[in-house]
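Asks: Next up, work_27.txt (compact mmCIF, C-alpha atoms and all ligand atoms).
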# COMPACT_ATOMS: atom_id res chain seq x y z
CA MET A 1118 0.00 0.00 0.00
CA SER A 1119 1.28 3.45 -0.90
CA CYS A 1120 1.28 6.43 1.47
CA ARG A 1121 -1.24 8.10 -0.78
CA GLU A 1122 -3.67 5.19 -0.40
CA ALA A 1123 -3.01 5.01 3.31
CA GLN A 1124 -3.81 8.71 3.68
CA GLU A 1125 -7.04 8.28 1.75
CA LEU A 1126 -8.10 5.40 3.96
CA LEU A 1127 -6.92 6.89 7.25
CA HIS A 1128 -10.35 8.06 8.40
CA GLY A 1129 -12.09 4.96 7.13
CA TYR A 1130 -9.63 2.92 9.17
CA ALA A 1131 -10.14 5.05 12.29
CA ASP A 1132 -13.92 4.76 11.90
CA GLY A 1133 -13.95 1.00 11.37
CA GLU A 1134 -15.34 1.38 7.86
CA LEU A 1135 -12.73 -0.73 6.04
CA ASP A 1136 -13.02 -4.37 5.15
CA LEU A 1137 -10.74 -6.90 6.83
CA VAL A 1138 -8.20 -7.01 4.00
CA ARG A 1139 -7.81 -3.24 3.90
CA ASN A 1140 -7.59 -3.14 7.67
CA LEU A 1141 -4.67 -5.57 7.65
CA GLU A 1142 -2.96 -3.66 4.84
CA MET A 1143 -3.28 -0.44 6.84
CA GLU A 1144 -1.81 -2.05 9.92
CA ARG A 1145 1.10 -3.38 7.90
CA HIS A 1146 1.66 0.05 6.36
CA PHE A 1147 1.75 1.67 9.80
CA ARG A 1148 4.45 -0.77 10.89
CA GLU A 1149 6.52 0.13 7.86
CA CYS A 1150 5.82 3.87 7.61
CA PRO A 1151 6.41 6.08 10.64
CA ALA A 1152 4.94 9.16 8.92
CA CYS A 1153 1.53 7.59 8.29
CA ALA A 1154 1.62 5.88 11.68
CA SER A 1155 2.19 9.24 13.34
CA ASP A 1156 -0.66 10.82 11.34
CA TYR A 1157 -2.92 8.08 12.57
CA GLU A 1158 -1.70 8.59 16.13
CA ARG A 1159 -2.47 12.32 15.91
CA LEU A 1160 -5.94 11.56 14.61
CA ARG A 1161 -6.51 9.06 17.40
CA ARG A 1162 -5.37 11.54 20.04
CA MET A 1163 -7.55 14.29 18.64
CA ARG A 1164 -10.61 12.04 18.72
CA GLU A 1165 -9.79 11.00 22.26
CA ALA A 1166 -9.50 14.66 23.31
CA MET A 1167 -12.82 15.36 21.64
CA SER A 1168 -14.67 12.56 23.32
CA GLY A 1169 -13.53 13.81 26.72
CA SER A 1170 -14.15 17.49 26.04
CA VAL A 1171 -17.18 17.92 23.86
CA PRO A 1172 -20.45 18.05 25.79
CA TYR A 1173 -23.34 15.83 24.79
CA PHE A 1174 -26.19 18.22 25.50
CA GLN A 1175 -29.01 16.69 27.48
CA PRO A 1176 -32.60 17.80 26.92
CA PRO A 1177 -33.89 20.15 29.63
CA ALA A 1178 -36.07 18.72 32.37
CA GLY A 1179 -39.67 18.66 31.28
CA LEU A 1180 -39.03 18.65 27.55
CA GLU A 1181 -40.23 15.08 27.19
CA ARG A 1182 -43.40 15.89 29.14
CA ARG A 1183 -44.07 19.03 27.06
CA LEU A 1184 -43.43 17.04 23.92
CA ARG A 1185 -45.82 14.27 24.88
CA SER A 1186 -48.62 16.71 25.52
CA ARG A 1187 -48.05 18.53 22.25
CA LEU A 1188 -47.98 15.25 20.35
CA ARG A 1189 -51.23 14.21 21.97
CA ALA A 1190 -52.81 17.51 20.98
CA ALA A 1191 -51.49 17.21 17.44
CA ALA A 1192 -52.26 13.55 16.86
CA PRO A 1193 -56.00 13.69 16.08
CA ALA A 1194 -55.48 16.04 13.17
CA LYS A 1195 -51.81 15.35 12.51
CA ARG A 1196 -51.12 19.02 12.27
CA SER A 1197 -48.06 21.01 13.16
CA ILE A 1198 -47.58 23.97 15.45
CA HIS A 1199 -49.54 26.57 13.57
CA TRP A 1200 -52.63 26.17 15.65
CA GLN A 1201 -55.03 28.49 13.90
CA TRP A 1202 -54.12 27.09 10.56
CA ALA A 1203 -54.17 23.63 12.05
CA ALA A 1204 -57.80 23.98 13.06
CA ILE A 1205 -58.85 25.08 9.60
CA ALA A 1206 -56.73 22.47 7.88
CA ALA A 1207 -57.99 19.76 10.19
CA ALA A 1208 -61.59 20.58 9.37
CA LEU A 1209 -60.79 20.60 5.68
CA VAL A 1210 -58.85 17.37 5.82
CA LEU A 1211 -61.58 15.60 7.77
CA THR A 1212 -64.15 16.65 5.19
CA VAL A 1213 -61.88 15.69 2.34
CA ALA A 1214 -61.07 12.33 3.88
CA GLY A 1215 -64.74 11.52 4.35
CA VAL A 1216 -65.68 12.27 0.79
CA TRP A 1217 -62.50 10.76 -0.54
CA ARG A 1218 -63.22 7.35 0.89
CA VAL A 1219 -66.43 7.23 -1.13
CA ALA A 1220 -64.80 8.74 -4.20
CA LEU A 1221 -62.06 6.14 -4.22
CA MET A 1222 -64.52 3.41 -5.10
CA SER A 1223 -65.20 4.77 -8.54
CA ARG A 1224 -62.58 7.40 -9.30
CA HIS A 1225 -65.48 9.77 -9.63
CA PRO A 1226 -64.65 13.08 -11.32
CA ASP A 1227 -65.16 14.66 -7.88
CA SER A 1228 -62.07 12.82 -6.71
CA VAL A 1229 -60.02 15.05 -8.97
CA GLU A 1230 -61.59 18.08 -7.32
CA ILE A 1231 -60.81 16.72 -3.90
CA LEU A 1232 -57.27 15.95 -4.82
CA ALA A 1233 -56.88 19.46 -6.20
CA ALA A 1234 -58.05 20.79 -2.82
CA GLU A 1235 -55.57 18.58 -1.02
CA ALA A 1236 -52.75 19.65 -3.32
CA VAL A 1237 -53.54 23.32 -2.74
CA SER A 1238 -53.70 22.73 1.03
CA SER A 1239 -50.28 21.10 0.94
CA HIS A 1240 -48.91 23.93 -1.17
CA VAL A 1241 -50.23 26.58 1.22
CA ARG A 1242 -49.03 24.64 4.23
CA SER A 1243 -45.55 24.37 2.77
CA LEU A 1244 -45.42 28.15 2.48
CA MET A 1245 -47.02 28.96 5.84
CA ALA A 1246 -45.01 26.54 7.87
CA ALA A 1247 -41.92 27.99 6.21
CA HIS A 1248 -40.86 24.42 5.74
CA LEU A 1249 -40.66 24.39 2.03
CA THR A 1250 -38.00 21.75 1.68
CA ASP A 1251 -36.60 18.83 3.63
CA VAL A 1252 -33.64 18.72 1.30
CA PRO A 1253 -32.82 22.25 0.21
CA SER A 1254 -30.71 21.88 -2.90
CA SER A 1255 -30.69 23.12 -6.46
CA ASP A 1256 -28.82 20.00 -7.52
CA ARG A 1257 -31.14 17.30 -8.82
CA HIS A 1258 -28.40 14.75 -8.17
CA THR A 1259 -28.80 15.57 -4.48
CA VAL A 1260 -32.58 15.81 -4.46
CA LYS A 1261 -33.36 12.58 -6.31
CA PRO A 1262 -31.28 10.22 -4.11
CA TRP A 1263 -32.64 11.92 -1.00
CA PHE A 1264 -36.06 10.38 -1.72
CA SER A 1265 -34.76 6.83 -1.99
CA GLY A 1266 -35.48 4.89 1.16
CA LYS A 1267 -38.17 7.40 2.08
CA LEU A 1268 -40.55 6.54 -0.75
CA ASP A 1269 -41.33 3.33 -2.58
CA PHE A 1270 -40.75 4.99 -5.94
CA SER A 1271 -38.17 7.29 -7.43
CA PRO A 1272 -39.42 10.58 -8.88
CA THR A 1273 -37.80 12.04 -11.95
CA VAL A 1274 -36.21 15.32 -10.89
CA GLY A 1275 -35.69 17.91 -13.61
CA ASP A 1276 -34.11 21.33 -13.36
CA PHE A 1277 -34.76 24.10 -15.86
CA PRO A 1278 -32.63 27.09 -14.91
CA SER A 1279 -32.18 28.28 -18.47
CA GLN A 1280 -35.96 28.45 -18.83
CA GLY A 1281 -36.22 30.37 -15.55
CA PHE A 1282 -37.50 27.54 -13.33
CA THR A 1283 -34.92 26.64 -10.72
CA LEU A 1284 -35.04 23.67 -8.41
CA ALA A 1285 -35.16 24.72 -4.74
CA GLY A 1286 -35.29 21.25 -3.20
CA GLY A 1287 -37.54 18.38 -2.24
CA ARG A 1288 -39.86 17.47 0.58
CA LEU A 1289 -41.91 14.52 1.74
CA ASP A 1290 -45.60 15.28 1.72
CA TYR A 1291 -48.84 13.41 2.06
CA LEU A 1292 -51.53 13.33 -0.62
CA ASP A 1293 -54.14 10.92 -1.89
CA GLY A 1294 -53.73 8.92 1.32
CA ARG A 1295 -50.05 8.19 0.79
CA PRO A 1296 -46.58 9.74 1.06
CA VAL A 1297 -45.63 11.62 -2.08
CA ALA A 1298 -42.59 13.47 -3.41
CA ALA A 1299 -42.92 17.24 -3.39
CA LEU A 1300 -40.42 18.93 -5.71
CA VAL A 1301 -40.08 22.63 -5.12
CA TYR A 1302 -39.21 25.05 -7.91
CA GLN A 1303 -38.89 28.78 -7.97
CA ARG A 1304 -39.68 31.31 -10.66
CA ARG A 1305 -38.83 34.84 -9.58
CA GLN A 1306 -40.67 35.19 -6.23
CA HIS A 1307 -43.13 32.40 -6.99
CA VAL A 1308 -42.94 28.93 -5.55
CA ILE A 1309 -44.13 25.88 -7.46
CA ASN A 1310 -44.87 22.64 -5.67
CA LEU A 1311 -44.76 19.64 -7.99
CA PHE A 1312 -46.29 16.58 -6.31
CA VAL A 1313 -45.37 13.23 -7.80
CA TRP A 1314 -46.52 9.72 -6.97
CA PRO A 1315 -47.31 6.48 -8.79
CA ALA A 1316 -50.53 6.02 -10.73
CA PRO A 1317 -50.51 2.28 -11.40
CA GLY A 1318 -52.12 1.31 -14.65
CA ARG A 1319 -52.62 4.87 -15.82
CA LEU A 1320 -50.92 6.02 -18.97
CA ASN A 1321 -50.52 9.49 -20.37
CA SER A 1322 -53.31 11.99 -19.96
CA GLU A 1323 -53.84 15.52 -21.18
CA THR A 1324 -52.90 18.29 -18.77
CA SER A 1325 -56.00 19.55 -16.97
CA THR A 1326 -56.19 22.93 -15.34
CA THR A 1327 -58.19 24.21 -12.38
CA ASP A 1328 -58.02 27.29 -10.22
CA ARG A 1329 -58.50 27.20 -6.50
CA GLN A 1330 -58.16 29.78 -3.76
CA GLY A 1331 -56.08 31.93 -6.05
CA TYR A 1332 -53.76 29.13 -7.10
CA HIS A 1333 -53.38 27.46 -10.44
CA VAL A 1334 -53.42 23.71 -10.35
CA LEU A 1335 -52.20 21.59 -13.24
CA HIS A 1336 -52.55 17.87 -13.27
CA TRP A 1337 -51.56 15.07 -15.63
CA THR A 1338 -50.41 11.49 -15.63
CA LYS A 1339 -47.47 10.22 -17.57
CA ALA A 1340 -45.89 6.78 -17.63
CA HIS A 1341 -47.89 5.55 -14.61
CA MET A 1342 -47.11 8.59 -12.49
CA ASN A 1343 -49.40 11.32 -11.15
CA TYR A 1344 -48.18 14.90 -11.45
CA TRP A 1345 -49.79 17.84 -9.71
CA ALA A 1346 -48.29 21.31 -10.03
CA VAL A 1347 -49.55 24.10 -7.78
CA SER A 1348 -48.47 27.73 -7.80
CA ASP A 1349 -49.58 31.33 -7.63
CA LEU A 1350 -47.63 31.82 -10.83
CA ASN A 1351 -49.75 32.91 -13.80
CA GLY A 1352 -51.38 30.15 -15.81
CA ARG A 1353 -49.32 30.65 -18.94
CA GLU A 1354 -45.97 30.26 -17.17
CA LEU A 1355 -47.18 27.34 -15.07
CA THR A 1356 -48.29 25.59 -18.27
CA GLU A 1357 -44.85 26.27 -19.70
CA PHE A 1358 -43.39 24.64 -16.59
CA ALA A 1359 -45.69 21.63 -16.94
CA GLU A 1360 -44.57 21.16 -20.54
CA LEU A 1361 -40.93 21.13 -19.46
CA VAL A 1362 -41.65 18.55 -16.75
CA ARG A 1363 -43.60 16.38 -19.20
CA LYS A 1364 -40.62 16.29 -21.51
CA THR A 1365 -38.29 15.04 -18.78
CA GLY A 1366 -40.72 12.69 -17.05
CA MET B 376 -55.54 10.30 10.91
CA ALA B 377 -53.21 9.32 13.68
CA GLU B 378 -55.11 7.13 16.07
CA LYS B 379 -54.10 6.61 19.68
CA ALA B 380 -52.42 3.35 18.79
CA GLU B 381 -50.32 5.06 16.16
CA LEU B 382 -49.31 7.75 18.66
CA VAL B 383 -48.21 5.11 21.14
CA GLU B 384 -46.24 3.36 18.44
CA PHE B 385 -44.72 6.66 17.38
CA GLU B 386 -43.72 7.56 20.94
CA GLN B 387 -42.12 4.17 21.45
CA ALA B 388 -40.15 4.51 18.25
CA VAL B 389 -38.85 8.05 18.57
CA LEU B 390 -39.00 9.30 22.17
CA PRO B 391 -36.01 7.13 23.18
CA HIS B 392 -33.96 9.26 20.76
CA LEU B 393 -34.86 12.54 22.43
CA SER B 394 -31.32 13.05 23.74
CA ALA B 395 -29.81 12.48 20.31
CA ALA B 396 -32.36 14.84 18.75
CA TYR B 397 -31.72 17.52 21.34
CA ASN B 398 -27.94 17.21 21.17
CA LEU B 399 -27.93 17.57 17.38
CA ALA B 400 -30.34 20.52 17.49
CA ARG B 401 -28.29 22.15 20.24
CA TRP B 402 -25.07 21.83 18.26
CA LEU B 403 -26.63 23.11 15.06
CA THR B 404 -28.59 26.03 16.51
CA GLY B 405 -26.05 26.96 19.16
CA ASN B 406 -28.38 27.60 22.09
CA ASP B 407 -30.84 25.85 24.39
CA HIS B 408 -33.94 27.84 23.60
CA ASP B 409 -33.72 27.36 19.84
CA ALA B 410 -32.78 23.72 20.26
CA GLU B 411 -35.97 23.07 22.21
CA ASP B 412 -38.11 24.82 19.59
CA VAL B 413 -36.48 22.85 16.82
CA VAL B 414 -36.91 19.56 18.67
CA GLN B 415 -40.59 20.22 19.27
CA GLU B 416 -41.18 21.18 15.67
CA SER B 417 -39.22 18.13 14.51
CA TYR B 418 -41.28 15.71 16.55
CA LEU B 419 -44.52 17.19 15.25
CA ARG B 420 -43.24 16.83 11.71
CA ALA B 421 -42.04 13.33 12.44
CA LEU B 422 -45.51 12.39 13.68
CA LYS B 423 -46.99 13.69 10.47
CA PHE B 424 -44.68 11.54 8.38
CA PHE B 425 -44.62 8.51 10.63
CA SER B 426 -46.80 6.53 8.26
CA GLY B 427 -44.03 6.90 5.67
CA PHE B 428 -41.48 5.38 8.05
CA ARG B 429 -40.90 1.79 7.02
CA GLY B 430 -39.60 0.37 10.25
CA GLY B 431 -35.93 -0.30 10.86
CA ASN B 432 -33.71 2.08 12.76
CA SER B 433 -35.77 5.09 13.80
CA ARG B 434 -32.83 7.14 15.03
CA PRO B 435 -31.36 8.13 11.62
CA TRP B 436 -34.91 8.69 10.39
CA LEU B 437 -35.65 11.07 13.27
CA LEU B 438 -32.29 12.82 13.06
CA THR B 439 -32.87 13.47 9.36
CA ILE B 440 -36.00 15.38 10.28
CA VAL B 441 -34.27 17.20 13.15
CA ARG B 442 -31.40 18.19 10.92
CA ASN B 443 -33.67 19.47 8.16
CA THR B 444 -35.83 21.34 10.66
CA CYS B 445 -32.67 22.97 12.04
CA TYR B 446 -31.69 24.29 8.63
CA THR B 447 -35.16 25.54 7.88
CA TRP B 448 -35.18 27.18 11.27
CA LEU B 449 -31.79 28.78 10.71
CA ARG B 450 -32.81 30.08 7.31
CA ARG B 451 -36.02 31.52 8.74
CA ASN B 452 -34.50 33.11 11.80
CA ARG B 453 -30.98 34.04 10.86
CA MET B 454 -29.79 35.63 7.72
CA ASP B 455 -26.26 34.32 8.03
CA ASP B 456 -24.29 31.75 6.13
CA GLN B 457 -25.31 28.72 8.18
CA THR B 458 -27.02 27.01 5.30
CA GLU B 459 -24.63 28.02 2.57
CA GLU B 460 -23.50 25.24 0.33
CA LEU B 461 -19.99 24.03 0.98
CA ASP B 462 -17.51 24.15 -1.82
CA GLU B 463 -16.39 20.53 -1.85
CA GLU B 464 -13.31 21.37 -3.88
CA MET B 465 -12.07 23.93 -1.41
CA HIS B 466 -9.36 22.35 0.66
CA ALA B 467 -7.82 25.47 2.13
CA ILE B 468 -8.62 24.81 5.73
CA ASP B 469 -6.68 27.87 6.85
CA SER B 470 -9.25 30.27 5.49
CA GLY B 471 -11.76 31.36 8.03
CA SER B 472 -10.13 29.60 10.94
CA PRO B 473 -9.91 31.69 14.09
CA ASN B 474 -6.97 33.88 14.82
CA PRO B 475 -4.24 31.59 16.27
CA GLU B 476 -3.50 34.08 19.03
CA ALA B 477 -7.08 34.01 20.19
CA VAL B 478 -6.87 30.24 20.15
CA LEU B 479 -3.69 30.26 22.23
CA LEU B 480 -5.31 32.55 24.74
CA ALA B 481 -8.19 30.19 25.35
CA ALA B 482 -7.74 29.12 28.92
CA ALA B 483 -9.36 25.75 29.10
CA HIS B 484 -8.75 22.94 26.70
CA ARG B 485 -12.33 21.84 27.03
CA ASP B 486 -13.65 25.23 26.01
CA LEU B 487 -11.22 25.25 23.15
CA VAL B 488 -12.39 21.95 21.73
CA GLN B 489 -16.00 22.96 22.11
CA ARG B 490 -15.38 26.28 20.44
CA ALA B 491 -13.39 24.69 17.64
CA LEU B 492 -16.38 22.49 16.91
CA GLU B 493 -18.78 25.43 17.12
CA ASP B 494 -16.63 27.33 14.65
CA LEU B 495 -16.82 24.64 11.99
CA PRO B 496 -19.29 25.33 9.18
CA ALA B 497 -22.58 23.59 9.93
CA ALA B 498 -22.09 21.12 7.07
CA LEU B 499 -18.85 19.90 8.67
CA ARG B 500 -20.09 20.18 12.26
CA GLU B 501 -23.13 17.98 11.71
CA ILE B 502 -20.98 15.20 10.31
CA VAL B 503 -18.65 15.31 13.32
CA ILE B 504 -21.65 15.18 15.68
CA LEU B 505 -23.24 12.23 13.89
CA ARG B 506 -19.95 10.32 13.68
CA GLU B 507 -18.28 11.09 17.00
CA MET B 508 -21.28 11.53 19.28
CA GLU B 509 -23.86 9.26 17.69
CA GLY B 510 -21.40 6.68 16.39
CA MET B 511 -23.18 6.50 13.05
CA SER B 512 -21.74 4.68 10.06
CA TYR B 513 -20.79 6.61 6.92
CA LYS B 514 -23.86 5.16 5.22
CA GLU B 515 -26.19 6.35 7.95
CA ILE B 516 -24.60 9.80 7.93
CA ALA B 517 -24.99 9.93 4.15
CA ASP B 518 -28.69 9.15 4.54
CA VAL B 519 -29.26 11.74 7.25
CA THR B 520 -27.38 14.52 5.49
CA ALA B 521 -28.50 13.60 1.97
CA VAL B 522 -25.02 13.60 0.47
CA PRO B 523 -23.03 10.75 -1.11
CA ILE B 524 -20.77 8.63 1.10
CA GLY B 525 -17.71 10.05 -0.65
CA THR B 526 -18.77 13.52 0.44
CA VAL B 527 -19.27 12.32 4.02
CA MET B 528 -15.69 11.01 3.98
CA SER B 529 -14.17 14.15 2.51
CA ARG B 530 -16.12 16.40 4.89
CA LEU B 531 -15.13 14.32 7.87
CA ALA B 532 -11.47 14.52 6.82
CA ARG B 533 -11.71 18.30 6.41
CA ALA B 534 -13.49 18.75 9.72
CA ARG B 535 -10.92 16.68 11.58
CA ALA B 536 -8.01 18.41 9.85
CA ARG B 537 -9.33 21.73 11.03
CA LEU B 538 -9.97 20.48 14.56
CA GLN B 539 -6.47 19.02 14.70
CA GLN B 540 -5.00 22.27 13.52
CA LEU B 541 -6.80 24.19 16.24
CA LEU B 542 -5.83 21.74 18.95
CA ALA B 543 -2.22 21.64 17.81
CA GLY B 544 -2.13 25.43 17.89
CA ALA B 545 -3.22 25.44 21.49
CA ASN B 546 -0.94 22.64 22.47
CA PRO B 547 2.44 23.40 20.90
CA ALA B 548 4.01 20.31 22.42
CA GLY B 549 1.67 18.15 20.39
CA ALA B 550 2.11 20.07 17.18
CA ARG B 551 4.19 18.75 14.35
CA ALA B 552 6.64 21.03 12.62
ZN ZN C 1 2.89 6.00 4.66
Take the structure in this file and express it as structure tokens.

Replies:
Amino acid sequence: MSCREAQELLHGYADGELDLVRNLEMERHFRECPACASDYERLRRMREAMSGSVPYFQPPAGLERRLRSRLRAAAPAKRSIHWQWAAIAAALVLTVAGVWRVALMSRHPDSVEILAAEAVSSHVRSLMAAHLTDVPSSDRHTVKPWFSGKLDFSPTVGDFPSQGFTLAGGRLDYLDGRPVAALVYQRRQHVINLFVWPAPGRLNSETSTTDRQGYHVLHWTKAHMNYWAVSDLNGRELTEFAELVRKTG
Amino acid sequence: MAEKAELVEFEQAVLPHLSAAYNLARWLTGNDHDAEDVVQESYLRALKFFSGFRGGNSRPWLLTIVRNTCYTWLRRNRMDDQTEELDEEMHAIDSGSPNPEAVLLAAAHRDLVQRALEDLPAALREIVILREMEGMSYKEIADVTAVPIGTVMSRLARARARLQQLLAGANPAGARA
């Protein structure tokens, strides 16, 4: 093993991340190379100093109790800390859920309406809670892998900076009774939420447009996936965005 | 809707990790009050997404949410560079490190180590916390921080190089020429 290799593997060795063969090679190299051995010794000493000096902060007394009571209060409606909004959203969601259960049986046209309402609610919530993204990144190679392990499908993540739609990140959300991918884009000051989840057995559809509570909602299916785009952006530009997404999806 | 049974299941899965959640939030926000707010918000978000949790180890799952909530919180409440993207190609660890004289003046070694860690950019600090305090594997850290394993390794190396530099500066006997 060369010094260069040993230096590259130094941290992996210290962290127990190497396989047995590499481990043995490292140990042999240390016996033969005082410079690398001393680098490892410095690293070991530094970590030892850290473990004795760096405080592990303990939660304040009562935090667990406060947490339990907040969770209990939040559980019936599964809503976060914005209480006023939570009450409204809870009422809406309960209504939606009730109707939705019936609508599911037949994929009644009303189900599209209900889903549009849910999508708009999620969009508004993402703005109000100021929790737009779980993975804030303009790099689709960061955003796409972030979803793996969190969802049972892998959304196609496009980025269209030259057309003026920039990726701001991704978020887990909940729509249509299941976890979905929310991809967040920005156009000037406007935020676009693009919700994506599987639509088994459904091929390509036309893009349909509705307006709700001042938001434009575009919806289509392509290659067995549902796409819902919600924004306060004007209809023409949102349609332009939808066309770009359709080309990549 | 989260029924009582789901809440009980949720509490059993994630409340045991309250210390880990608090410690991470405390290190990323830098103070007790903010850490508590972030932890509370994180648990409420975690409850909301619990149905998407597919079993397995709930600690990385929870810490992912805590970590993301921290950054959202920092962006919302502080207009500083906490959430700035790191330049992965930048290896000049000298830039931005504290004045060596100030480091030498630090009285207690313990304070020095703590401050050295506080002074790391958040993207390096979080990886040190997850590795050294939570004992997470590179793979788990990669999942929590949403970066490739290679990036975890290079960030860890950079973070440790900077910490070593600071400690060596304060401890001339241990410094190499
Ligand atoms: Zn060597």

Asks: If you count all atoms listed in the file, which residues end up within 8 Å of ligand ZN 1 (chain C), as a ChimeraX atom specification?

Replies: /A:1119-1121,1123-1124,1146-1147,1149-1154

Asks: I need the contact residues of chain B against chain A, so if you could list those with any atom within 8 Å, counting only C-alpha atoms, and return them as a PyMOL selection string, that would help.

Replies: chain B and resi 376-379+382+390+393-394+397-398+401+411+415-416+418-420+422-424+426-429+440+443-444+447+451+484-486+488-489+507-508+512-513+518+521-522+528+531-532+535+538-539+542

Asks: B:Ala410: which residues within 8 Å, counting all atoms listed in the file, same-chain residues fewer than 4 positions away excluded, as a VMD selection string?

Replies: chain B and resid 397 400 to 401 404 to 406 414

Asks: Between atom CA of B:Leu403 and atom CA of B:Leu541, what is the distance, to one decimal in Å?

Replies: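 Value for the atom CA of B:Leu403-atom CA of B:Leu541 distance: 19.9 Å.
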
Asks: Atom CA of B:Leu437 to atom CA of B:Trp402: how many Å, to one decimal?

Replies: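 Between atom CA of B:Leu437 and atom CA of B:Trp402 the gap is 15.9 Å.
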
Asks: Between A:Gly1318, A:His1336, A:Val1362, A:Ser1279, single out the one closest to A:Leu1300, counting all atoms listed in the file.

Replies: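 The shortest atom-to-atom distance to A:Leu1300 comes from A:Val1362.
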
Asks: Using all atoms listed in the file, give me every residue within 6 Å of (-49.6, 5.0, -10.0) in file coordinates, as a PyMOL selection string.

Replies: chain A and resi 1315-1317+1341-1342

Asks: Report, in Å to a single decimal, how far apart atom CA of A:Ile1231 and atom CA of A:Leu1335 are.

Replies: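 We find that atom CA of A:Leu1335 and atom CA of A:Ile1231 lie 13.6 Å from each other.
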
Asks: Which of these, B:Leu449, B:Val389, B:Ala534, B:Ile502, has the shortest distance to B:Phe425 once you count only C-alpha atoms?

Replies: B:Val389

Asks: May I have the residues at most 10 Å from (-36.3, 7.7, 18.2) in the file's coordinates, counting only C-alpha atoms, as a ChimeraX atom specification?

Replies: /B:385-396,418,421,432-438

Asks: Out of A:Ser1348, A:Thr1356, A:Asn1343, A:Ser1228, which residue has the shortest atom-to-atom distance to A:Arg1329 when counting all atoms listed in the file?

Replies: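 The shortest atom-to-atom distance to A:Arg1329 comes from A:Ser1348.
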
Asks: I want to know what sits within 12 Å of A:Ser1325, based on all atoms listed in the file, with residues of the same chain fewer than 5 positions away left out; could you give that as a ChimeraX atom specification?

Replies: /A:1229-1230,1233,1333-1338,1344-1346,1352,1355-1356,1359

Asks: List as a list in words the protein and nucleic acid residues near A:Pro1278, meaning an atom at most 10 Å away when only C-alpha atoms are counted, but skip any in the same chain fewer than 3 places from it.

Replies: Ser1255, Gly1275, Gly1281, Phe1282, Thr1283, Leu1284, Tyr1302, Gln1303 and Arg1304 of chain A
